[in-house]
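As stored in data.cif (mmCIF, C-alpha atoms and all ligand atoms):
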```cif
data_start
#
loop_
_atom_site.label_atom_id
_atom_site.label_comp_id
_atom_site.auth_asym_id
_atom_site.auth_seq_id
_atom_site.Cartn_x
_atom_site.Cartn_y
_atom_site.Cartn_z
CA MET A 57 0.00 0.00 0.00
CA LYS A 58 2.86 2.37 0.82
CA LEU A 59 3.93 1.92 -2.76
CA LEU A 60 0.57 3.11 -4.10
CA VAL A 61 0.43 6.13 -1.80
CA LYS A 62 3.99 7.03 -2.79
CA TYR A 63 2.88 7.50 -6.40
CA PHE A 64 -0.79 8.37 -5.83
CA PRO A 65 -0.81 10.59 -2.72
CA ASP A 66 -4.33 11.90 -3.40
CA LEU A 67 -6.21 8.61 -2.86
CA ASP A 68 -9.23 9.14 -0.61
CA ASP A 69 -10.18 6.89 2.34
CA ASN A 70 -12.55 4.78 0.28
CA GLN A 71 -9.97 4.18 -2.45
CA ILE A 72 -7.35 3.26 0.17
CA LYS A 73 -9.76 0.75 1.73
CA GLN A 74 -10.51 -0.76 -1.69
CA PHE A 75 -6.83 -1.04 -2.58
CA GLU A 76 -6.06 -2.56 0.83
CA LYS A 77 -8.77 -5.14 0.31
CA ILE A 78 -7.56 -6.11 -3.17
CA SER A 79 -4.77 -8.46 -2.00
CA GLU A 80 -7.04 -10.32 0.41
CA VAL A 81 -9.78 -10.71 -2.22
CA TYR A 82 -7.41 -11.94 -4.93
CA LYS A 83 -5.56 -14.30 -2.58
CA ASP A 84 -8.87 -15.81 -1.65
CA TRP A 85 -10.20 -16.13 -5.20
CA ASN A 86 -6.89 -17.32 -6.61
CA GLN A 87 -7.10 -20.42 -4.44
CA LYS A 88 -10.40 -21.34 -6.10
CA ILE A 89 -9.77 -20.10 -9.65
CA ASN A 90 -6.21 -19.40 -10.70
CA VAL A 91 -6.13 -15.99 -12.38
CA VAL A 92 -2.80 -14.66 -11.12
CA SER A 93 0.41 -16.75 -11.04
CA ARG A 94 1.53 -17.88 -7.57
CA LYS A 95 4.68 -15.76 -7.71
CA ASP A 96 2.71 -12.71 -8.80
CA ILE A 97 0.07 -12.95 -6.08
CA ASP A 98 2.72 -12.19 -3.43
CA GLU A 99 3.72 -9.12 -5.37
CA ILE A 100 0.25 -8.12 -6.46
CA TYR A 101 0.70 -4.43 -5.64
CA ILE A 102 3.72 -3.91 -7.83
CA ARG A 103 3.12 -6.44 -10.62
CA HIS A 104 -0.59 -5.92 -11.08
CA VAL A 105 -2.00 -2.94 -9.22
CA LEU A 106 0.72 -0.32 -9.70
CA HIS A 107 1.50 -1.59 -13.20
CA SER A 108 -2.17 -1.11 -14.16
CA MET A 109 -2.11 2.36 -12.63
CA GLY A 110 0.75 3.31 -14.95
CA ILE A 111 -1.97 4.06 -17.51
CA ALA A 112 -3.41 6.69 -15.15
CA LYS A 113 -0.07 8.49 -15.06
CA ILE A 114 -0.35 8.93 -18.82
CA GLN A 115 -4.08 9.60 -19.04
CA ALA A 116 -6.48 10.66 -16.30
CA PHE A 117 -10.01 9.60 -17.26
CA LEU A 118 -12.74 12.24 -16.96
CA PRO A 119 -16.08 11.72 -15.17
CA GLY A 120 -18.60 10.33 -17.64
CA SER A 121 -16.00 8.85 -19.95
CA LYS A 122 -16.06 5.19 -21.03
CA VAL A 123 -13.16 2.77 -20.96
CA LEU A 124 -13.01 -0.79 -22.33
CA ASP A 125 -10.47 -3.28 -20.92
CA VAL A 126 -9.87 -6.01 -23.50
CA GLY A 127 -8.76 -9.46 -22.26
CA THR A 128 -8.94 -8.31 -18.67
CA GLY A 129 -8.21 -11.78 -17.21
CA GLY A 130 -8.71 -11.39 -13.46
CA GLY A 131 -9.28 -7.63 -13.88
CA PHE A 132 -6.05 -5.96 -14.96
CA PRO A 133 -5.65 -3.16 -15.76
CA GLY A 134 -9.42 -2.50 -15.42
CA ILE A 135 -10.01 -3.00 -11.67
CA PRO A 136 -7.25 -0.71 -10.31
CA LEU A 137 -8.23 1.96 -12.86
CA ALA A 138 -11.91 1.67 -11.87
CA ILE A 139 -10.95 2.29 -8.22
CA LEU A 140 -8.89 5.28 -9.25
CA PHE A 141 -11.59 6.80 -11.49
CA PRO A 142 -14.93 6.04 -9.81
CA GLU A 143 -16.86 8.34 -12.14
CA THR A 144 -15.65 6.68 -15.32
CA GLU A 145 -17.61 3.73 -16.71
CA PHE A 146 -15.47 0.62 -17.18
CA THR A 147 -16.35 -2.42 -19.28
CA LEU A 148 -14.09 -5.42 -18.68
CA VAL A 149 -14.25 -8.19 -21.26
CA ASP A 150 -12.67 -11.63 -21.41
CA SER A 151 -13.45 -14.70 -23.49
CA ILE A 152 -12.87 -17.06 -20.52
CA GLY A 153 -15.91 -17.39 -18.29
CA LYS A 154 -14.14 -18.34 -15.07
CA LYS A 155 -11.95 -15.22 -15.27
CA ILE A 156 -15.02 -13.01 -15.62
CA LYS A 157 -16.53 -14.83 -12.64
CA VAL A 158 -13.52 -13.71 -10.55
CA VAL A 159 -13.88 -10.15 -11.87
CA GLU A 160 -17.57 -10.12 -10.88
CA GLU A 161 -16.76 -11.34 -7.39
CA VAL A 162 -13.96 -8.79 -6.95
CA VAL A 163 -16.27 -5.99 -8.16
CA GLU A 164 -18.89 -7.06 -5.64
CA GLU A 165 -16.48 -7.44 -2.72
CA LEU A 166 -14.86 -4.07 -3.38
CA GLY A 167 -18.25 -2.42 -3.87
CA LEU A 168 -17.36 -0.99 -7.28
CA GLN A 169 -20.33 0.70 -8.94
CA ASN A 170 -18.64 1.62 -12.21
CA VAL A 171 -17.63 -1.77 -13.63
CA LYS A 172 -19.46 -4.05 -16.04
CA ALA A 173 -17.89 -7.47 -16.72
CA ILE A 174 -18.66 -9.31 -19.97
CA ASN A 175 -17.77 -12.87 -20.88
CA ASP A 176 -17.23 -12.78 -24.65
CA ARG A 177 -14.63 -12.20 -27.29
CA VAL A 178 -14.09 -8.48 -27.80
CA GLU A 179 -14.94 -8.85 -31.50
CA ASN A 180 -18.56 -9.50 -30.41
CA ILE A 181 -18.87 -6.48 -28.14
CA SER A 182 -20.77 -3.42 -29.34
CA GLY A 183 -20.54 0.13 -28.04
CA GLU A 184 -18.12 3.02 -28.31
CA PHE A 185 -15.45 3.96 -25.80
CA ASP A 186 -13.16 6.92 -25.19
CA PHE A 187 -10.18 4.72 -24.48
CA ILE A 188 -9.41 1.04 -24.86
CA VAL A 189 -6.91 -0.32 -22.35
CA SER A 190 -5.17 -3.69 -22.24
CA ARG A 191 -2.21 -5.74 -21.08
CA ALA A 192 -0.73 -8.97 -22.45
CA VAL A 193 -3.47 -9.93 -24.91
CA ALA A 194 -2.37 -9.67 -28.56
CA VAL A 195 0.16 -8.04 -30.88
CA MET A 196 -0.86 -4.58 -31.96
CA PRO A 197 -2.08 -5.35 -35.53
CA SER A 198 -4.56 -8.03 -34.31
CA PHE A 199 -5.61 -5.86 -31.41
CA VAL A 200 -6.24 -2.80 -33.61
CA HIS A 201 -8.28 -4.96 -35.95
CA TRP A 202 -10.50 -6.19 -33.08
CA VAL A 203 -11.20 -2.79 -31.55
CA LYS A 204 -11.20 -0.45 -34.53
CA GLY A 205 -14.92 0.34 -34.66
CA LYS A 206 -15.26 0.63 -30.87
CA ILE A 207 -13.55 3.97 -30.29
CA ALA A 208 -15.87 7.00 -30.08
CA LYS A 209 -15.18 9.70 -32.65
CA ARG A 210 -15.76 12.66 -30.33
CA SER A 211 -13.00 13.13 -27.76
CA LEU A 212 -13.89 14.35 -24.27
CA HIS A 213 -10.26 14.45 -23.22
CA GLU A 214 -7.56 16.71 -24.54
CA ARG A 215 -5.79 13.64 -25.86
CA LYS A 216 -7.51 12.05 -28.83
CA ASN A 217 -9.45 8.85 -28.07
CA GLY A 218 -7.54 5.66 -28.69
CA ILE A 219 -5.69 2.65 -27.30
CA LEU A 220 -3.55 2.69 -24.14
CA TYR A 221 -1.70 -0.61 -24.02
CA LEU A 222 0.74 -1.84 -21.36
CA LYS A 223 3.64 -3.51 -23.13
CA GLY A 224 7.25 -4.42 -22.43
CA GLY A 225 10.55 -4.96 -24.23
CA ASP A 226 11.57 -3.93 -27.71
CA LEU A 227 8.50 -2.87 -29.67
CA SER A 228 10.15 -1.42 -32.76
CA ASP A 229 9.00 -4.21 -35.12
CA GLU A 230 5.53 -4.51 -33.64
CA LEU A 231 4.83 -0.79 -33.81
CA GLU A 232 6.56 -0.08 -37.11
CA LEU A 233 3.25 0.36 -38.95
CA TYR A 234 1.92 3.07 -36.68
CA ARG A 235 3.36 6.51 -37.35
CA THR A 236 1.31 8.32 -34.73
CA VAL A 237 2.08 5.93 -31.90
CA GLU A 238 3.57 7.35 -28.69
CA VAL A 239 5.52 5.19 -26.25
CA PHE A 240 5.83 6.27 -22.61
CA GLU A 241 8.47 4.61 -20.43
CA LEU A 242 7.10 3.62 -17.02
CA SER A 243 10.67 3.67 -15.69
CA ASP A 244 10.48 7.48 -15.99
CA ILE A 245 7.56 7.42 -13.55
CA PHE A 246 8.13 4.45 -11.22
CA GLU A 247 11.64 3.85 -9.84
CA GLU A 248 11.18 0.15 -8.92
CA GLU A 249 13.21 -2.29 -11.04
CA PHE A 250 10.09 -4.12 -12.20
CA PHE A 251 9.28 -1.13 -14.43
CA ASP A 252 12.67 -0.99 -16.15
CA THR A 253 11.32 -2.34 -19.46
CA LYS A 254 7.66 -1.48 -19.06
CA LYS A 255 5.85 0.99 -21.29
CA VAL A 256 2.45 2.47 -22.04
CA VAL A 257 1.79 2.50 -25.76
CA TYR A 258 -0.71 5.12 -26.92
CA LEU A 259 -2.25 4.82 -30.33
CA PRO A 260 -4.71 7.57 -31.26
CA MET A 261 -7.88 6.59 -33.07
CA LYS A 262 -6.74 7.91 -36.42
CA TYR A 263 -3.46 6.36 -37.38
CA LYS A 264 -1.74 6.05 -40.69
CA GLY A 265 -0.09 2.98 -42.12
C1 LIG B 301 -2.31 -13.22 -20.65
S1 LIG B 301 -3.95 -12.89 -20.20
C2 LIG B 301 -3.83 -11.23 -19.60
C3 LIG B 301 -4.87 -10.91 -18.58
C4 LIG B 301 -4.81 -9.49 -18.00
N1 LIG B 301 -4.98 -8.48 -19.01
C5 LIG B 301 -3.53 -9.28 -17.24
O1 LIG B 301 -2.65 -8.59 -17.75
O2 LIG B 301 -3.40 -9.81 -16.11
C6 LIG B 301 -4.79 -12.66 -21.76
C7 LIG B 301 -6.29 -12.69 -21.65
O3 LIG B 301 -6.86 -12.22 -22.87
C8 LIG B 301 -8.04 -12.96 -23.12
N2 LIG B 301 -8.35 -12.84 -24.56
C9 LIG B 301 -7.55 -13.19 -25.59
N3 LIG B 301 -8.15 -12.90 -26.76
C10 LIG B 301 -9.35 -12.32 -26.46
C11 LIG B 301 -10.42 -11.79 -27.23
N4 LIG B 301 -10.38 -11.78 -28.56
N5 LIG B 301 -11.49 -11.27 -26.59
C12 LIG B 301 -11.54 -11.27 -25.23
N6 LIG B 301 -10.55 -11.76 -24.46
C13 LIG B 301 -9.48 -12.27 -25.05
C14 LIG B 301 -7.71 -14.37 -22.62
O4 LIG B 301 -8.86 -15.11 -22.31
C15 LIG B 301 -6.86 -14.07 -21.38
O5 LIG B 301 -7.64 -14.04 -20.20
#
```
In structure tokens, how does this file's structure come out?
Amino acid sequence: MKLLVKYFPDLDDNQIKQFEKISEVYKDWNQKINVVSRKDIDEIYIRHVLHSMGIAKIQAFLPGSKVLDVGTGGGFPGIPLAILFPETEFTLVDSIGKKIKVVEEVVEELGLQNVKAINDRVENISGEFDFIVSRAVAVMPSFVHWVKGKIAKRSLHERKNGILYLKGGDLSDELELYRTVEVFELSDIFEEEFFDTKKVVYLPMKYKG
């Protein structure tokens, strides 16, 4: 928790309670349905919670905006972001039913009012979103193909609507096609070693290539 407050000093009491509860809830659910690797569950705050919150350091979501988390698994990055932005509407989608079951239970136990969990492939989801977030789901060309029609044309935020994807390593080949892509290094924001190779990739709705 100290780690979260170090980088997000403005969390209110309710958010602190929800973040404190997260490790207990996931430890409990992970014993029944494995959604987080054993090694990762002990380091849930750095590897899952703070990593997810890296997106918030790049883009703060406005009240009334809509965010889609594609391939959310057990709820990352969607759940930590939903705690952080309680007035933004989050839709978390995953094609594996038991993962969405965990998300639903976590949402209930944390008392989150702004999260909808859907068990389906993202290709089958309708609706338009300001931003689409994700981590560890697909290479960018497949991902862009899946979500293309799901980004709202009108932007509420100063930054143009688009994709905010948590990725790591050398992305030069994968992102070669996208001239308007911006890559933000999380190591510039978080000093812990875990973030040394981690990035947030932003792809605005209109891209060339
Ligand atoms: C490696 S896991 C990552 C989970 C989570 N985002 C995280 O970082 O902890 C990838 C997830 O993407 C989901 N997935 C893959 N393709 C999908 C699709 N087309 N639509 C919805 N979910 C998908 C899988 O079911 C799986 O749960």
Exercise for the section: Counting all atoms listed in the file, find the residues whose atoms lie at most 12 Å from (-18.8, -12.4, -7.2) (file coordinates) and write them out as a list in words. Expected result: Val81, Tyr82, Asp84, Trp85, Gly130, Lys154, Lys155, Ile156, Lys157, Val158, Val159, Glu160, Glu161, Val162, Val163, Glu164, Glu165, Leu166, Gly167, Leu168 and Ala173 of chain A
Grab the residues selected above and save them as a PDB file, in the frame of the given file with C-alpha atoms.
```pdb
ATOM      1  CA  VAL A  81      -9.780 -10.710  -2.220  1.00  0.00           C
ATOM      2  CA  TYR A  82      -7.410 -11.940  -4.930  1.00  0.00           C
ATOM      3  CA  ASP A  84      -8.870 -15.810  -1.650  1.00  0.00           C
ATOM      4  CA  TRP A  85     -10.200 -16.130  -5.200  1.00  0.00           C
ATOM      5  CA  GLY A 130      -8.710 -11.390 -13.460  1.00  0.00           C
ATOM      6  CA  LYS A 154     -14.140 -18.340 -15.070  1.00  0.00           C
ATOM      7  CA  LYS A 155     -11.950 -15.220 -15.270  1.00  0.00           C
ATOM      8  CA  ILE A 156     -15.020 -13.010 -15.620  1.00  0.00           C
ATOM      9  CA  LYS A 157     -16.530 -14.830 -12.640  1.00  0.00           C
ATOM     10  CA  VAL A 158     -13.520 -13.710 -10.550  1.00  0.00           C
ATOM     11  CA  VAL A 159     -13.880 -10.150 -11.870  1.00  0.00           C
ATOM     12  CA  GLU A 160     -17.570 -10.120 -10.880  1.00  0.00           C
ATOM     13  CA  GLU A 161     -16.760 -11.340  -7.390  1.00  0.00           C
ATOM     14  CA  VAL A 162     -13.960  -8.790  -6.950  1.00  0.00           C
ATOM     15  CA  VAL A 163     -16.270  -5.990  -8.160  1.00  0.00           C
ATOM     16  CA  GLU A 164     -18.890  -7.060  -5.640  1.00  0.00           C
ATOM     17  CA  GLU A 165     -16.480  -7.440  -2.720  1.00  0.00           C
ATOM     18  CA  LEU A 166     -14.860  -4.070  -3.380  1.00  0.00           C
ATOM     19  CA  GLY A 167     -18.250  -2.420  -3.870  1.00  0.00           C
ATOM     20  CA  LEU A 168     -17.360  -0.990  -7.280  1.00  0.00           C
ATOM     21  CA  ALA A 173     -17.890  -7.470 -16.720  1.00  0.00           C
TER      22      ALA A 173
END
```
Problem - Distance criterion (all atoms listed in the file): nearest to Ile78 of chain A out of A:His201, A:His104, A:Lys216, A:Arg210 - result: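 Among the listed residues, the smallest separation from Ile78 of chain A belongs to A:His104.
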Exercise for the section: Kindly provide, as a list in words, all nucleotide and amino acid residues lying within 8 Å of ligand LIG 301 (chain B), counting all atoms listed in the file. Expected result: Val91, Val92, His104, Asp125, Val126, Gly127, Thr128, Gly129, Gly130, Gly131, Phe132, Pro133, Val149, Asp150, Ser151, Ile152, Lys155, Asn175, Asp176, Arg177, Val178, Glu179, Ser190, Arg191, Ala192, Val193, Ala194 and Trp202 of chain A
How would the residues just chosen look if you wrote them out with C-alpha atoms as a PDB file, in the frame of the given file?
```pdb
ATOM      1  CA  VAL A  91      -6.130 -15.990 -12.380  1.00  0.00           C
ATOM      2  CA  VAL A  92      -2.800 -14.660 -11.120  1.00  0.00           C
ATOM      3  CA  HIS A 104      -0.590  -5.920 -11.080  1.00  0.00           C
ATOM      4  CA  ASP A 125     -10.470  -3.280 -20.920  1.00  0.00           C
ATOM      5  CA  VAL A 126      -9.870  -6.010 -23.500  1.00  0.00           C
ATOM      6  CA  GLY A 127      -8.760  -9.460 -22.260  1.00  0.00           C
ATOM      7  CA  THR A 128      -8.940  -8.310 -18.670  1.00  0.00           C
ATOM      8  CA  GLY A 129      -8.210 -11.780 -17.210  1.00  0.00           C
ATOM      9  CA  GLY A 130      -8.710 -11.390 -13.460  1.00  0.00           C
ATOM     10  CA  GLY A 131      -9.280  -7.630 -13.880  1.00  0.00           C
ATOM     11  CA  PHE A 132      -6.050  -5.960 -14.960  1.00  0.00           C
ATOM     12  CA  PRO A 133      -5.650  -3.160 -15.760  1.00  0.00           C
ATOM     13  CA  VAL A 149     -14.250  -8.190 -21.260  1.00  0.00           C
ATOM     14  CA  ASP A 150     -12.670 -11.630 -21.410  1.00  0.00           C
ATOM     15  CA  SER A 151     -13.450 -14.700 -23.490  1.00  0.00           C
ATOM     16  CA  ILE A 152     -12.870 -17.060 -20.520  1.00  0.00           C
ATOM     17  CA  LYS A 155     -11.950 -15.220 -15.270  1.00  0.00           C
ATOM     18  CA  ASN A 175     -17.770 -12.870 -20.880  1.00  0.00           C
ATOM     19  CA  ASP A 176     -17.230 -12.780 -24.650  1.00  0.00           C
ATOM     20  CA  ARG A 177     -14.630 -12.200 -27.290  1.00  0.00           C
ATOM     21  CA  VAL A 178     -14.090  -8.480 -27.800  1.00  0.00           C
ATOM     22  CA  GLU A 179     -14.940  -8.850 -31.500  1.00  0.00           C
ATOM     23  CA  SER A 190      -5.170  -3.690 -22.240  1.00  0.00           C
ATOM     24  CA  ARG A 191      -2.210  -5.740 -21.080  1.00  0.00           C
ATOM     25  CA  ALA A 192      -0.730  -8.970 -22.450  1.00  0.00           C
ATOM     26  CA  VAL A 193      -3.470  -9.930 -24.910  1.00  0.00           C
ATOM     27  CA  ALA A 194      -2.370  -9.670 -28.560  1.00  0.00           C
ATOM     28  CA  TRP A 202     -10.500  -6.190 -33.080  1.00  0.00           C
TER      29      TRP A 202
END
```
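The neighbours of Phe240 of chain A here are the residues that come within 9 Å of it, using all atoms listed in the file and leaving out any residue fewer than 5 positions away in the same chain; they are Ile114, Lys254, Lys255, Val256, Val257 and Tyr258 of chain A.
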Exercise for the section: To one decimal in Å, tell me the separation between atom CA of Pro119 of chain A and atom CA of Phe141 of chain A. Expected result: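 If I compute the distance from atom CA of Pro119 of chain A to atom CA of Phe141 of chain A, I get 7.6 Å.
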Exercise on segment 160-169 of chain A, axis-aligned box with 5 Å per side, report centre and edge lengths in Å to one decimal, as JSON:
```
{"center_x": -17.1, "center_y": -5.3, "center_z": -6.8, "size_x": 16.4, "size_y": 22.0, "size_z": 18.2}
```
Exercise for the section: Pick out the residues sitting within 12 Å of Phe75 of chain A, and hand them over as a ChimeraX atom specification; count all atoms listed in the file, and ignore anything fewer than 2 positions along from it in its own chain. Expected result: /A:57-61,64,67-73,77-82,100-101,104-106,109,135-140,162,165-168
Exercise for the section: Excluding Gly120 of chain A and residues on its chain fewer than 4 positions from it, collect all residues at most 10 Å away from it, counting only C-alpha atoms, and give them as a count of residues only. Expected result: 7
Problem - Selected residue of minimal separation from Asn170 of chain A among A:Val237, A:Ile207, A:Val200, A:Leu124, counting all atoms listed in the file - result: A:Leu124
Counting only C-alpha atoms, what is within 6 Å of Val171 of chain A, bar same-chain residues fewer than 2 positions away, as a CSV table (one decimal) with C-alpha atoms, in the frame of the given file?
```csv
chain,number,residue,atom,x,y,z
A,146,PHE,CA,-15.5,0.6,-17.2
A,147,THR,CA,-16.4,-2.4,-19.3
A,169,GLN,CA,-20.3,0.7,-8.9
```
Problem - For atom CA of Thr236 of chain A and atom CA of Lys204 of chain A, the interatomic separation in Å (one decimal) - result: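 Atom-to-atom, atom CA of Thr236 of chain A and atom CA of Lys204 of chain A are spaced 15.3 Å apart.
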Problem - Between atom CA of Ile219 of chain A and atom CA of Thr253 of chain A, distance in Å (one decimal) - result: 19.4 Å
Practice task
For a cut-off of 10 Å around (-10.9, 8.3, -31.4), file coordinates, pick out all residues using all atoms listed in the file and list them as a ChimeraX atom specification.
Solution key: /A:184-188,204-212,215-219,259-263
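Residue nearest Leu227 of chain A, chosen from A:Val195, A:Ile102, A:Leu242, A:Val203 and counting all atoms listed in the file: A:Val195.
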Near segment 231-235 of chain A, 12 Å: segment 112-221 of chain A residue rows, closest pairs, only C-alpha atoms, as a Markdown table:
```
| residue | atom | partner | partner_atom | distance |
| --- | --- | --- | --- | --- |
| A:Val195 | CA | A:Leu231 | CA | 9.1 |
| A:Met196 | CA | A:Leu231 | CA | 7.1 |
| A:Pro197 | CA | A:Leu231 | CA | 8.5 |
| A:Ser198 | CA | A:Leu231 | CA | 11.9 |
| A:Phe199 | CA | A:Leu231 | CA | 11.9 |
| A:Val200 | CA | A:Tyr234 | CA | 10.5 |
| A:Tyr221 | CA | A:Leu231 | CA | 11.8 |
```
Please rebuild segment 80-93 of chain A with N, CA and C atoms and give the result as a short mmCIF file (atom, residue, chain, number, x, y, z; two decimals), keeping the file's coordinate frame.
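Everything below was put into result-v1.cif:
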```cif
data_model
loop_
_atom_site.label_atom_id
_atom_site.label_comp_id
_atom_site.auth_asym_id
_atom_site.auth_seq_id
_atom_site.Cartn_x
_atom_site.Cartn_y
_atom_site.Cartn_z
N GLU A 80 -6.26 -9.30 -0.30
CA GLU A 80 -7.04 -10.32 0.41
C GLU A 80 -8.04 -11.01 -0.55
N VAL A 81 -8.75 -10.19 -1.31
CA VAL A 81 -9.78 -10.71 -2.22
C VAL A 81 -9.15 -11.60 -3.30
N TYR A 82 -8.04 -11.13 -3.89
CA TYR A 82 -7.41 -11.94 -4.93
C TYR A 82 -6.77 -13.20 -4.37
N LYS A 83 -6.18 -13.10 -3.17
CA LYS A 83 -5.56 -14.30 -2.58
C LYS A 83 -6.62 -15.36 -2.38
N ASP A 84 -7.75 -14.93 -1.89
CA ASP A 84 -8.87 -15.81 -1.65
C ASP A 84 -9.37 -16.45 -2.96
N TRP A 85 -9.65 -15.61 -3.95
CA TRP A 85 -10.20 -16.13 -5.20
C TRP A 85 -9.20 -16.96 -5.99
N ASN A 86 -7.92 -16.60 -5.88
CA ASN A 86 -6.89 -17.32 -6.61
C ASN A 86 -6.76 -18.76 -6.16
N GLN A 87 -7.14 -19.03 -4.91
CA GLN A 87 -7.10 -20.42 -4.44
C GLN A 87 -8.18 -21.26 -5.10
N LYS A 88 -9.29 -20.60 -5.47
CA LYS A 88 -10.40 -21.34 -6.10
C LYS A 88 -10.22 -21.36 -7.62
N ILE A 89 -9.94 -20.21 -8.19
CA ILE A 89 -9.77 -20.10 -9.65
C ILE A 89 -8.47 -19.35 -9.89
N ASN A 90 -7.51 -20.03 -10.53
CA ASN A 90 -6.21 -19.40 -10.70
C ASN A 90 -6.23 -18.33 -11.79
N VAL A 91 -6.17 -17.06 -11.38
CA VAL A 91 -6.13 -15.99 -12.38
C VAL A 91 -4.82 -15.21 -12.35
N VAL A 92 -4.08 -15.37 -11.26
CA VAL A 92 -2.80 -14.66 -11.12
C VAL A 92 -1.77 -15.73 -10.74
N SER A 93 -0.57 -15.70 -11.36
CA SER A 93 0.41 -16.75 -11.04
C SER A 93 0.81 -16.67 -9.56
#
```
